[in-house]
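**Student:** Just protein_36.txt, nothing more (compact mmCIF, N, CA and C atoms):
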```txt
# COMPACT_ATOMS: atom_id res chain seq x y z
N MET A 1 26.72 -12.35 -19.35
CA MET A 1 26.91 -12.06 -17.95
C MET A 1 26.07 -10.83 -17.59
N PRO A 2 24.93 -11.03 -16.96
CA PRO A 2 24.10 -9.89 -16.58
C PRO A 2 24.68 -9.13 -15.38
N ASN A 3 24.56 -7.82 -15.46
CA ASN A 3 24.89 -6.96 -14.33
C ASN A 3 23.60 -6.75 -13.56
N CYS A 4 23.67 -6.88 -12.24
CA CYS A 4 22.49 -6.83 -11.39
C CYS A 4 22.68 -5.82 -10.27
N PHE A 5 21.56 -5.36 -9.69
CA PHE A 5 21.63 -4.49 -8.53
C PHE A 5 20.41 -4.68 -7.66
N THR A 6 20.56 -4.31 -6.40
CA THR A 6 19.44 -4.27 -5.47
C THR A 6 19.46 -2.93 -4.77
N LEU A 7 18.30 -2.56 -4.25
CA LEU A 7 18.15 -1.42 -3.37
C LEU A 7 17.60 -1.94 -2.06
N THR A 8 18.25 -1.58 -0.97
CA THR A 8 17.81 -1.99 0.35
C THR A 8 17.52 -0.74 1.17
N ARG A 9 16.29 -0.67 1.69
CA ARG A 9 15.92 0.49 2.51
C ARG A 9 16.89 0.60 3.68
N LYS A 10 17.36 1.79 3.95
CA LYS A 10 18.28 2.01 5.06
C LYS A 10 17.63 1.53 6.35
N GLY A 11 18.38 0.77 7.14
CA GLY A 11 17.87 0.21 8.39
C GLY A 11 17.26 -1.16 8.24
N GLU A 12 17.13 -1.65 7.00
CA GLU A 12 16.59 -2.99 6.76
C GLU A 12 17.68 -3.88 6.19
N SER A 13 17.44 -5.18 6.21
CA SER A 13 18.47 -6.11 5.75
C SER A 13 18.11 -6.80 4.43
N GLU A 14 16.85 -6.81 4.07
CA GLU A 14 16.42 -7.47 2.83
C GLU A 14 16.20 -6.44 1.73
N PRO A 15 16.64 -6.75 0.51
CA PRO A 15 16.41 -5.82 -0.60
C PRO A 15 14.92 -5.57 -0.83
N ALA A 16 14.62 -4.37 -1.26
CA ALA A 16 13.23 -3.99 -1.57
C ALA A 16 12.85 -4.51 -2.95
N ARG A 17 11.58 -4.68 -3.16
CA ARG A 17 11.08 -4.96 -4.51
C ARG A 17 11.17 -3.66 -5.29
N LEU A 18 11.77 -3.69 -6.45
CA LEU A 18 11.95 -2.46 -7.23
C LEU A 18 10.61 -1.84 -7.62
N GLU A 19 9.60 -2.66 -7.85
CA GLU A 19 8.27 -2.14 -8.17
C GLU A 19 7.71 -1.34 -7.00
N ALA A 20 7.93 -1.82 -5.77
CA ALA A 20 7.46 -1.10 -4.58
C ALA A 20 8.21 0.22 -4.42
N THR A 21 9.50 0.20 -4.71
CA THR A 21 10.29 1.43 -4.66
C THR A 21 9.78 2.43 -5.68
N ASP A 22 9.48 1.96 -6.87
CA ASP A 22 8.92 2.82 -7.91
C ASP A 22 7.59 3.42 -7.45
N ASP A 23 6.74 2.61 -6.83
CA ASP A 23 5.45 3.10 -6.32
C ASP A 23 5.67 4.19 -5.27
N GLU A 24 6.63 3.99 -4.37
CA GLU A 24 6.94 5.00 -3.35
C GLU A 24 7.38 6.31 -3.99
N MET A 25 8.23 6.21 -5.02
CA MET A 25 8.70 7.42 -5.68
C MET A 25 7.55 8.14 -6.38
N ARG A 26 6.63 7.41 -6.95
CA ARG A 26 5.50 8.04 -7.62
C ARG A 26 4.68 8.85 -6.62
N VAL A 27 4.50 8.33 -5.43
CA VAL A 27 3.80 9.08 -4.39
C VAL A 27 4.61 10.32 -4.01
N GLU A 28 5.90 10.13 -3.77
CA GLU A 28 6.79 11.23 -3.38
C GLU A 28 6.78 12.36 -4.42
N PHE A 29 6.82 12.00 -5.71
CA PHE A 29 6.92 13.01 -6.75
C PHE A 29 5.57 13.39 -7.37
N GLY A 30 4.47 12.88 -6.78
CA GLY A 30 3.14 13.28 -7.24
C GLY A 30 2.78 12.78 -8.62
N GLU A 31 3.26 11.60 -8.97
CA GLU A 31 2.96 11.02 -10.28
C GLU A 31 1.95 9.88 -10.12
N GLU A 32 1.17 9.67 -11.15
CA GLU A 32 0.15 8.62 -11.15
C GLU A 32 0.80 7.23 -11.18
N PRO A 33 0.14 6.23 -10.57
CA PRO A 33 0.64 4.85 -10.68
C PRO A 33 0.65 4.41 -12.14
N ASP A 34 1.61 3.55 -12.47
CA ASP A 34 1.70 3.00 -13.83
C ASP A 34 2.40 1.65 -13.71
N GLU A 35 1.64 0.58 -13.93
CA GLU A 35 2.20 -0.76 -13.81
C GLU A 35 3.08 -1.15 -14.99
N ASP A 36 3.05 -0.38 -16.07
CA ASP A 36 3.78 -0.74 -17.28
C ASP A 36 5.09 0.01 -17.47
N ARG A 37 5.28 1.11 -16.76
CA ARG A 37 6.47 1.94 -16.98
C ARG A 37 7.07 2.35 -15.65
N TRP A 38 8.40 2.49 -15.65
CA TRP A 38 9.12 3.01 -14.49
C TRP A 38 9.00 4.53 -14.48
N LEU A 39 8.90 5.11 -13.30
CA LEU A 39 8.82 6.56 -13.16
C LEU A 39 9.95 7.23 -13.93
N TRP A 40 9.59 8.03 -14.92
CA TRP A 40 10.54 8.82 -15.73
C TRP A 40 11.65 7.97 -16.32
N GLY A 41 11.47 6.65 -16.40
CA GLY A 41 12.49 5.78 -16.97
C GLY A 41 13.71 5.58 -16.09
N TRP A 42 13.55 5.77 -14.77
CA TRP A 42 14.71 5.70 -13.87
C TRP A 42 15.40 4.35 -13.91
N TYR A 43 14.65 3.26 -14.03
CA TYR A 43 15.26 1.94 -13.99
C TYR A 43 16.22 1.73 -15.16
N ASP A 44 15.83 2.24 -16.32
CA ASP A 44 16.64 2.06 -17.53
C ASP A 44 17.90 2.92 -17.53
N THR A 45 17.93 3.96 -16.73
CA THR A 45 19.09 4.87 -16.71
C THR A 45 19.86 4.72 -15.40
N ILE A 46 19.22 5.09 -14.31
CA ILE A 46 19.87 4.99 -13.00
C ILE A 46 20.10 3.53 -12.64
N GLY A 47 19.12 2.69 -12.88
CA GLY A 47 19.27 1.26 -12.58
C GLY A 47 20.43 0.65 -13.33
N CYS A 48 20.58 1.02 -14.59
CA CYS A 48 21.71 0.52 -15.38
C CYS A 48 23.03 0.98 -14.76
N GLY A 49 23.10 2.24 -14.39
CA GLY A 49 24.32 2.76 -13.76
C GLY A 49 24.63 2.03 -12.47
N LEU A 50 23.61 1.78 -11.65
CA LEU A 50 23.83 1.05 -10.40
C LEU A 50 24.31 -0.37 -10.68
N ALA A 51 23.70 -1.02 -11.66
CA ALA A 51 24.11 -2.39 -12.01
C ALA A 51 25.55 -2.44 -12.49
N LEU A 52 26.01 -1.35 -13.09
CA LEU A 52 27.39 -1.29 -13.56
C LEU A 52 28.36 -0.88 -12.45
N GLY A 53 27.84 -0.69 -11.24
CA GLY A 53 28.69 -0.39 -10.10
C GLY A 53 28.93 1.08 -9.83
N ARG A 54 28.21 1.96 -10.51
CA ARG A 54 28.38 3.40 -10.25
C ARG A 54 27.79 3.74 -8.89
N ASP A 55 28.40 4.73 -8.24
CA ASP A 55 27.86 5.19 -6.96
C ASP A 55 27.02 6.44 -7.19
N TRP A 56 26.41 6.93 -6.10
CA TRP A 56 25.51 8.08 -6.23
C TRP A 56 26.23 9.30 -6.80
N ALA A 57 27.46 9.55 -6.36
CA ALA A 57 28.21 10.72 -6.85
C ALA A 57 28.47 10.61 -8.35
N GLN A 58 28.82 9.43 -8.81
CA GLN A 58 29.06 9.23 -10.24
C GLN A 58 27.78 9.44 -11.05
N LEU A 59 26.67 8.97 -10.50
CA LEU A 59 25.39 9.16 -11.19
C LEU A 59 24.99 10.63 -11.21
N ARG A 60 25.24 11.34 -10.11
CA ARG A 60 24.94 12.78 -10.11
C ARG A 60 25.76 13.50 -11.18
N GLU A 61 27.01 13.12 -11.30
CA GLU A 61 27.86 13.73 -12.31
C GLU A 61 27.35 13.41 -13.72
N GLN A 62 26.94 12.17 -13.93
CA GLN A 62 26.43 11.75 -15.23
C GLN A 62 25.20 12.55 -15.64
N PHE A 63 24.33 12.88 -14.68
CA PHE A 63 23.08 13.56 -14.99
C PHE A 63 23.09 15.05 -14.67
N ALA A 64 24.26 15.62 -14.44
CA ALA A 64 24.35 17.06 -14.19
C ALA A 64 23.81 17.82 -15.40
N GLU A 65 23.15 18.93 -15.11
CA GLU A 65 22.64 19.75 -16.20
C GLU A 65 23.78 20.27 -17.06
N ASP A 66 23.48 20.43 -18.33
CA ASP A 66 24.47 20.91 -19.30
C ASP A 66 23.85 22.07 -20.07
N PRO A 67 24.40 23.28 -19.92
CA PRO A 67 23.81 24.43 -20.61
C PRO A 67 23.80 24.29 -22.13
N ALA A 68 24.62 23.41 -22.67
CA ALA A 68 24.64 23.20 -24.12
C ALA A 68 23.49 22.32 -24.60
N GLU A 69 22.82 21.66 -23.66
CA GLU A 69 21.72 20.76 -24.02
C GLU A 69 20.39 21.52 -24.06
N SER A 70 19.39 20.89 -24.66
CA SER A 70 18.06 21.49 -24.74
C SER A 70 17.39 21.51 -23.37
N GLU A 71 16.37 22.33 -23.24
CA GLU A 71 15.61 22.39 -21.99
C GLU A 71 14.96 21.04 -21.70
N LEU A 72 14.50 20.36 -22.73
CA LEU A 72 13.88 19.04 -22.54
C LEU A 72 14.89 18.05 -21.96
N THR A 73 16.10 18.04 -22.50
CA THR A 73 17.14 17.16 -21.99
C THR A 73 17.49 17.52 -20.55
N ASN A 74 17.60 18.80 -20.26
CA ASN A 74 17.93 19.21 -18.89
C ASN A 74 16.79 18.93 -17.92
N MET A 75 15.54 18.98 -18.40
CA MET A 75 14.42 18.61 -17.54
C MET A 75 14.54 17.13 -17.17
N PHE A 76 14.88 16.29 -18.14
CA PHE A 76 15.10 14.87 -17.86
C PHE A 76 16.23 14.70 -16.84
N ARG A 77 17.32 15.42 -17.03
CA ARG A 77 18.45 15.34 -16.10
C ARG A 77 18.03 15.76 -14.69
N ARG A 78 17.24 16.82 -14.57
CA ARG A 78 16.78 17.26 -13.24
C ARG A 78 15.92 16.18 -12.58
N ARG A 79 15.09 15.54 -13.36
CA ARG A 79 14.27 14.46 -12.81
C ARG A 79 15.14 13.30 -12.33
N MET A 80 16.15 12.94 -13.12
CA MET A 80 17.04 11.86 -12.70
C MET A 80 17.80 12.24 -11.43
N LEU A 81 18.21 13.49 -11.33
CA LEU A 81 18.91 13.95 -10.12
C LEU A 81 17.99 13.89 -8.91
N ALA A 82 16.71 14.23 -9.09
CA ALA A 82 15.75 14.14 -7.98
C ALA A 82 15.59 12.69 -7.54
N VAL A 83 15.52 11.77 -8.50
CA VAL A 83 15.40 10.35 -8.17
C VAL A 83 16.66 9.87 -7.46
N ILE A 84 17.83 10.25 -7.96
CA ILE A 84 19.10 9.85 -7.33
C ILE A 84 19.14 10.34 -5.89
N ASP A 85 18.79 11.61 -5.67
CA ASP A 85 18.81 12.16 -4.31
C ASP A 85 17.85 11.41 -3.39
N TRP A 86 16.66 11.11 -3.91
CA TRP A 86 15.67 10.41 -3.09
C TRP A 86 16.14 8.99 -2.77
N LEU A 87 16.64 8.29 -3.77
CA LEU A 87 17.13 6.93 -3.54
C LEU A 87 18.30 6.93 -2.56
N ASP A 88 19.23 7.86 -2.73
CA ASP A 88 20.38 7.96 -1.84
C ASP A 88 19.95 8.22 -0.41
N GLU A 89 18.92 9.00 -0.23
CA GLU A 89 18.42 9.31 1.12
C GLU A 89 17.79 8.10 1.79
N HIS A 90 17.16 7.23 1.01
CA HIS A 90 16.36 6.14 1.58
C HIS A 90 16.93 4.74 1.40
N TYR A 91 17.87 4.55 0.49
CA TYR A 91 18.33 3.20 0.15
C TYR A 91 19.85 3.09 0.08
N THR A 92 20.31 1.87 0.30
CA THR A 92 21.68 1.51 -0.05
C THR A 92 21.59 0.61 -1.27
N THR A 93 22.68 0.49 -1.99
CA THR A 93 22.65 -0.31 -3.21
C THR A 93 23.77 -1.35 -3.19
N ASP A 94 23.54 -2.41 -3.91
CA ASP A 94 24.54 -3.45 -4.07
C ASP A 94 24.49 -3.88 -5.54
N ALA A 95 25.67 -4.12 -6.12
CA ALA A 95 25.74 -4.53 -7.52
C ALA A 95 26.68 -5.71 -7.67
N TRP A 96 26.40 -6.55 -8.66
CA TRP A 96 27.23 -7.71 -8.93
C TRP A 96 27.01 -8.17 -10.36
N VAL A 97 27.89 -9.04 -10.81
CA VAL A 97 27.77 -9.64 -12.14
C VAL A 97 27.47 -11.12 -11.94
N GLU A 98 26.45 -11.61 -12.62
CA GLU A 98 26.15 -13.03 -12.56
C GLU A 98 26.87 -13.73 -13.71
N VAL A 99 27.70 -14.67 -13.35
CA VAL A 99 28.48 -15.40 -14.35
C VAL A 99 27.75 -16.70 -14.65
N GLY A 100 27.41 -16.90 -15.92
CA GLY A 100 26.72 -18.13 -16.31
C GLY A 100 27.69 -19.29 -16.44
N ARG A 101 27.12 -20.46 -16.42
CA ARG A 101 27.92 -21.68 -16.59
C ARG A 101 27.83 -22.12 -18.04
N ARG A 102 28.90 -22.71 -18.50
CA ARG A 102 28.89 -23.24 -19.87
C ARG A 102 28.97 -24.74 -19.83
```
Reformat the file's structure so that it appears as C-alpha cells.

**Tutor:**
Amino acid sequence: MPNCFTLTRKGESEPARLEATDDEMRVEFGEEPDEDRWLWGWYDTIGCGLALGRDWAQLREQFAEDPAESELTNMFRRRMLAVIDWLDEHYTTDAWVEVGRR
C-alpha cells in the first residue's frame, strides 16, 4: 500500500508536477538545476512525511535544530526547515494511501 502526496499551488486546483516545484525551489534557493536529484533530498524526507500525513507543524518539529547534533546535521535540518517554510507559503498538500487489489 503506497503512501502518496500532492502539492497544489495556493489558488490553483490541479496538483503541481513535483519536478517543477523542485525547479522553482532551486531558483528560490540559488541552487543549480539537477535532473537526477531532488534539492537537498527534500522529496525523500519532507515528501515522505507529507505522504504519511504529517502537517507542516509536525515537519517543523521533526527538523528542529538539536544542539546535541553535529553542525552538518543541523545544517541539513535548517535546509529542510527552509524548504518546509517555502512549501507552506506556496502550496497546500494532500495525502492518501493507495490500496491495491488482490

**Student:** Enter the distance from atom N of A:Asp36 to atom CA of A:Ala20, in Å, rounded to one decimal.

**Tutor:**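 These atoms are spaced 12.3 Å apart.
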
**Student:** Skip stretch 87-98 of chain A itself and residues of its chain fewer than 5 positions away, then list as a list in words all residues within 6.5 Å of it, counting all atoms listed in the file.

**Tutor:**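 Contacts, in chain order: Met1, Pro2, Asn3, Cys4, Phe5, Thr6, Leu7, Thr8, Arg9, Lys10, Leu50, Ala51, Leu52, Gly53 and Ala82 of chain A.
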
**Student:** Between A:Pro67, A:Thr45, A:Asp34, A:Glu19, single out the one closest to A:Val83, counting only C-alpha atoms.

**Tutor:**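 When distances to A:Val83 are compared using only C-alpha atoms, the smallest one comes from A:Thr45.
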
**Student:** If you run DSSP over the backbone, which residues in chain A end up strand (DSSP E or B)? Put them as an NGL selection string.

**Tutor:** :A and (3-9 or 91-97)

**Student:** I'd like the interatomic distance between atom CA of A:Trp86 and atom CA of A:Glu28, to a tenth of an Å.

**Tutor:**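 Value for the atom CA of A:Trp86-atom CA of A:Glu28 distance: 8.9 Å.
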
**Student:** Could you go through stretch 13-67 of chain A and tell me which residues DSSP, when run on the backbone, assigns to helix (DSSP H, G or I), listing them as a ChimeraX atom specification?

**Tutor:** /A:18-28,39-51,56-62

**Student:** Do you have the atom CA of A:Gly100-atom CA of A:Asp44 distance handy?

**Tutor:**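 Atom CA of A:Asp44 lies 22.6 Å from atom CA of A:Gly100.
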
**Student:** I want to know what sits within 8 Å of A:Leu39, based on only N, CA and C atoms, with residues of the same chain fewer than 4 positions away left out; could you give that as a list in words?

**Tutor:**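 In the requested format, the answer is Asp22, Asp23, Met25, Arg26, Glu31, Asp34 and Tyr43 of chain A.
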
**Student:** Using only C-alpha atoms, collect all residues at a distance of at most 9 Å from (24.0, 21.4, -14.4) as written in the file, then present them as a PyMOL selection string.

**Tutor:** chain A and resi 61+63-67+74+77-78

**Student:** Could the residues in this selection be saved with N, CA and C atoms as an mmCIF file, in the frame of the given file?

**Tutor:**
```cif
data_model
loop_
_atom_site.group_PDB
_atom_site.id
_atom_site.type_symbol
_atom_site.label_atom_id
_atom_site.label_comp_id
_atom_site.auth_asym_id
_atom_site.auth_seq_id
_atom_site.Cartn_x
_atom_site.Cartn_y
_atom_site.Cartn_z
ATOM 1 N N GLU A 61 27.010 13.120 -11.300
ATOM 2 C CA GLU A 61 27.860 13.730 -12.310
ATOM 3 C C GLU A 61 27.350 13.410 -13.720
ATOM 4 N N PHE A 63 24.330 12.880 -14.680
ATOM 5 C CA PHE A 63 23.080 13.560 -14.990
ATOM 6 C C PHE A 63 23.090 15.050 -14.670
ATOM 7 N N ALA A 64 24.260 15.620 -14.440
ATOM 8 C CA ALA A 64 24.350 17.060 -14.190
ATOM 9 C C ALA A 64 23.810 17.820 -15.400
ATOM 10 N N GLU A 65 23.150 18.930 -15.110
ATOM 11 C CA GLU A 65 22.640 19.750 -16.200
ATOM 12 C C GLU A 65 23.780 20.270 -17.060
ATOM 13 N N ASP A 66 23.480 20.430 -18.330
ATOM 14 C CA ASP A 66 24.470 20.910 -19.300
ATOM 15 C C ASP A 66 23.850 22.070 -20.070
ATOM 16 N N PRO A 67 24.400 23.280 -19.920
ATOM 17 C CA PRO A 67 23.810 24.430 -20.610
ATOM 18 C C PRO A 67 23.800 24.290 -22.130
ATOM 19 N N ASN A 74 17.600 18.800 -20.260
ATOM 20 C CA ASN A 74 17.930 19.210 -18.890
ATOM 21 C C ASN A 74 16.790 18.930 -17.920
ATOM 22 N N ARG A 77 17.320 15.420 -17.030
ATOM 23 C CA ARG A 77 18.450 15.340 -16.100
ATOM 24 C C ARG A 77 18.030 15.760 -14.690
ATOM 25 N N ARG A 78 17.240 16.820 -14.570
ATOM 26 C CA ARG A 78 16.780 17.260 -13.240
ATOM 27 C C ARG A 78 15.920 16.180 -12.580
#
```

**Student:** Choose the residue, out of A:Met75, A:Leu81, A:Val99, A:Ala16, that has the smallest atom-to-atom separation from A:Trp56; count only C-alpha atoms.

**Tutor:** A:Leu81

**Student:** Complete stretch 52-63 of chain A at the level of all heavy atoms, written as a PDB file, keeping the file's coordinate frame.

**Tutor:**
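Listing of rebuild.pdb after writing:
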```
ATOM      1  N   LEU A  52      26.010  -1.350 -13.090  1.00  0.00           N
ATOM      2  CA  LEU A  52      27.390  -1.290 -13.560  1.00  0.00           C
ATOM      3  C   LEU A  52      28.360  -0.880 -12.450  1.00  0.00           C
ATOM      4  O   LEU A  52      29.559  -0.740 -12.700  1.00  0.00           O
ATOM      5  CB  LEU A  52      27.501  -0.310 -14.733  1.00  0.00           C
ATOM      6  CG  LEU A  52      26.795  -0.770 -16.002  1.00  0.00           C
ATOM      7  CD1 LEU A  52      26.784   0.355 -17.030  1.00  0.00           C
ATOM      8  CD2 LEU A  52      27.438  -2.024 -16.568  1.00  0.00           C
ATOM      9  N   GLY A  53      27.840  -0.690 -11.240  1.00  0.00           N
ATOM     10  CA  GLY A  53      28.690  -0.390 -10.100  1.00  0.00           C
ATOM     11  C   GLY A  53      28.930   1.080  -9.830  1.00  0.00           C
ATOM     12  O   GLY A  53      29.772   1.428  -9.001  1.00  0.00           O
ATOM     13  N   ARG A  54      28.210   1.960 -10.510  1.00  0.00           N
ATOM     14  CA  ARG A  54      28.380   3.400 -10.250  1.00  0.00           C
ATOM     15  C   ARG A  54      27.790   3.740  -8.890  1.00  0.00           C
ATOM     16  O   ARG A  54      26.799   3.165  -8.460  1.00  0.00           O
ATOM     17  CB  ARG A  54      27.714   4.210 -11.348  1.00  0.00           C
ATOM     18  CG  ARG A  54      28.404   4.025 -12.676  1.00  0.00           C
ATOM     19  CD  ARG A  54      27.906   5.010 -13.714  1.00  0.00           C
ATOM     20  NE  ARG A  54      28.604   4.766 -14.952  1.00  0.00           N
ATOM     21  CZ  ARG A  54      28.010   4.500 -16.102  1.00  0.00           C
ATOM     22  NH1 ARG A  54      26.697   4.468 -16.176  1.00  0.00           N
ATOM     23  NH2 ARG A  54      28.725   4.273 -17.187  1.00  0.00           N
ATOM     24  N   ASP A  55      28.400   4.730  -8.240  1.00  0.00           N
ATOM     25  CA  ASP A  55      27.860   5.190  -6.960  1.00  0.00           C
ATOM     26  C   ASP A  55      27.020   6.440  -7.190  1.00  0.00           C
ATOM     27  O   ASP A  55      26.901   6.945  -8.303  1.00  0.00           O
ATOM     28  CB  ASP A  55      28.984   5.414  -5.934  1.00  0.00           C
ATOM     29  CG  ASP A  55      29.974   6.493  -6.346  1.00  0.00           C
ATOM     30  OD1 ASP A  55      29.628   7.395  -7.137  1.00  0.00           O
ATOM     31  OD2 ASP A  55      31.116   6.442  -5.846  1.00  0.00           O
ATOM     32  N   TRP A  56      26.410   6.930  -6.100  1.00  0.00           N
ATOM     33  CA  TRP A  56      25.510   8.080  -6.230  1.00  0.00           C
ATOM     34  C   TRP A  56      26.230   9.300  -6.800  1.00  0.00           C
ATOM     35  O   TRP A  56      25.678  10.016  -7.636  1.00  0.00           O
ATOM     36  CB  TRP A  56      24.882   8.401  -4.877  1.00  0.00           C
ATOM     37  CG  TRP A  56      24.098   7.286  -4.267  1.00  0.00           C
ATOM     38  CD1 TRP A  56      24.300   6.714  -3.041  1.00  0.00           C
ATOM     39  CD2 TRP A  56      22.967   6.597  -4.821  1.00  0.00           C
ATOM     40  NE1 TRP A  56      23.381   5.719  -2.811  1.00  0.00           N
ATOM     41  CE2 TRP A  56      22.546   5.624  -3.885  1.00  0.00           C
ATOM     42  CE3 TRP A  56      22.268   6.704  -6.022  1.00  0.00           C
ATOM     43  CZ2 TRP A  56      21.465   4.779  -4.115  1.00  0.00           C
ATOM     44  CZ3 TRP A  56      21.181   5.848  -6.248  1.00  0.00           C
ATOM     45  CH2 TRP A  56      20.798   4.907  -5.301  1.00  0.00           C
ATOM     46  N   ALA A  57      27.460   9.550  -6.360  1.00  0.00           N
ATOM     47  CA  ALA A  57      28.210  10.720  -6.850  1.00  0.00           C
ATOM     48  C   ALA A  57      28.470  10.610  -8.350  1.00  0.00           C
ATOM     49  O   ALA A  57      28.335  11.599  -9.086  1.00  0.00           O
ATOM     50  CB  ALA A  57      29.529  10.859  -6.092  1.00  0.00           C
ATOM     51  N   GLN A  58      28.820   9.430  -8.810  1.00  0.00           N
ATOM     52  CA  GLN A  58      29.060   9.230 -10.240  1.00  0.00           C
ATOM     53  C   GLN A  58      27.780   9.440 -11.050  1.00  0.00           C
ATOM     54  O   GLN A  58      27.809  10.023 -12.134  1.00  0.00           O
ATOM     55  CB  GLN A  58      29.635   7.844 -10.502  1.00  0.00           C
ATOM     56  CG  GLN A  58      31.048   7.672  -9.981  1.00  0.00           C
ATOM     57  CD  GLN A  58      31.492   6.221  -9.994  1.00  0.00           C
ATOM     58  OE1 GLN A  58      30.744   5.322  -9.602  1.00  0.00           O
ATOM     59  NE2 GLN A  58      32.722   5.995 -10.451  1.00  0.00           N
ATOM     60  N   LEU A  59      26.670   8.970 -10.500  1.00  0.00           N
ATOM     61  CA  LEU A  59      25.390   9.160 -11.190  1.00  0.00           C
ATOM     62  C   LEU A  59      24.990  10.630 -11.210  1.00  0.00           C
ATOM     63  O   LEU A  59      24.486  11.124 -12.226  1.00  0.00           O
ATOM     64  CB  LEU A  59      24.302   8.311 -10.546  1.00  0.00           C
ATOM     65  CG  LEU A  59      24.451   6.810 -10.777  1.00  0.00           C
ATOM     66  CD1 LEU A  59      23.492   6.039  -9.889  1.00  0.00           C
ATOM     67  CD2 LEU A  59      24.240   6.467 -12.234  1.00  0.00           C
ATOM     68  N   ARG A  60      25.240  11.340 -10.110  1.00  0.00           N
ATOM     69  CA  ARG A  60      24.940  12.780 -10.110  1.00  0.00           C
ATOM     70  C   ARG A  60      25.760  13.500 -11.180  1.00  0.00           C
ATOM     71  O   ARG A  60      25.254  14.390 -11.867  1.00  0.00           O
ATOM     72  CB  ARG A  60      25.213  13.381  -8.731  1.00  0.00           C
ATOM     73  CG  ARG A  60      24.160  13.054  -7.714  1.00  0.00           C
ATOM     74  CD  ARG A  60      24.417  13.763  -6.377  1.00  0.00           C
ATOM     75  NE  ARG A  60      23.421  13.382  -5.418  1.00  0.00           N
ATOM     76  CZ  ARG A  60      23.566  12.396  -4.526  1.00  0.00           C
ATOM     77  NH1 ARG A  60      24.702  11.717  -4.459  1.00  0.00           N
ATOM     78  NH2 ARG A  60      22.593  12.105  -3.680  1.00  0.00           N
ATOM     79  N   GLU A  61      27.010  13.120 -11.300  1.00  0.00           N
ATOM     80  CA  GLU A  61      27.860  13.730 -12.310  1.00  0.00           C
ATOM     81  C   GLU A  61      27.350  13.410 -13.720  1.00  0.00           C
ATOM     82  O   GLU A  61      27.303  14.275 -14.599  1.00  0.00           O
ATOM     83  CB  GLU A  61      29.293  13.231 -12.150  1.00  0.00           C
ATOM     84  CG  GLU A  61      30.273  13.877 -13.107  1.00  0.00           C
ATOM     85  CD  GLU A  61      31.697  13.412 -12.869  1.00  0.00           C
ATOM     86  OE1 GLU A  61      32.082  13.178 -11.708  1.00  0.00           O
ATOM     87  OE2 GLU A  61      32.422  13.269 -13.876  1.00  0.00           O
ATOM     88  N   GLN A  62      26.940  12.170 -13.930  1.00  0.00           N
ATOM     89  CA  GLN A  62      26.430  11.750 -15.230  1.00  0.00           C
ATOM     90  C   GLN A  62      25.200  12.550 -15.640  1.00  0.00           C
ATOM     91  O   GLN A  62      25.029  12.870 -16.818  1.00  0.00           O
ATOM     92  CB  GLN A  62      26.090  10.264 -15.184  1.00  0.00           C
ATOM     93  CG  GLN A  62      25.467   9.725 -16.452  1.00  0.00           C
ATOM     94  CD  GLN A  62      25.094   8.247 -16.337  1.00  0.00           C
ATOM     95  OE1 GLN A  62      25.582   7.533 -15.475  1.00  0.00           O
ATOM     96  NE2 GLN A  62      24.218   7.807 -17.211  1.00  0.00           N
ATOM     97  N   PHE A  63      24.330  12.880 -14.680  1.00  0.00           N
ATOM     98  CA  PHE A  63      23.080  13.560 -14.990  1.00  0.00           C
ATOM     99  C   PHE A  63      23.090  15.050 -14.670  1.00  0.00           C
ATOM    100  O   PHE A  63      22.028  15.680 -14.667  1.00  0.00           O
ATOM    101  CB  PHE A  63      21.911  12.858 -14.287  1.00  0.00           C
ATOM    102  CG  PHE A  63      21.622  11.504 -14.862  1.00  0.00           C
ATOM    103  CD1 PHE A  63      22.012  10.359 -14.194  1.00  0.00           C
ATOM    104  CD2 PHE A  63      21.005  11.372 -16.084  1.00  0.00           C
ATOM    105  CE1 PHE A  63      21.766   9.102 -14.734  1.00  0.00           C
ATOM    106  CE2 PHE A  63      20.753  10.125 -16.634  1.00  0.00           C
ATOM    107  CZ  PHE A  63      21.134   8.988 -15.953  1.00  0.00           C
TER     108      PHE A  63
END
```
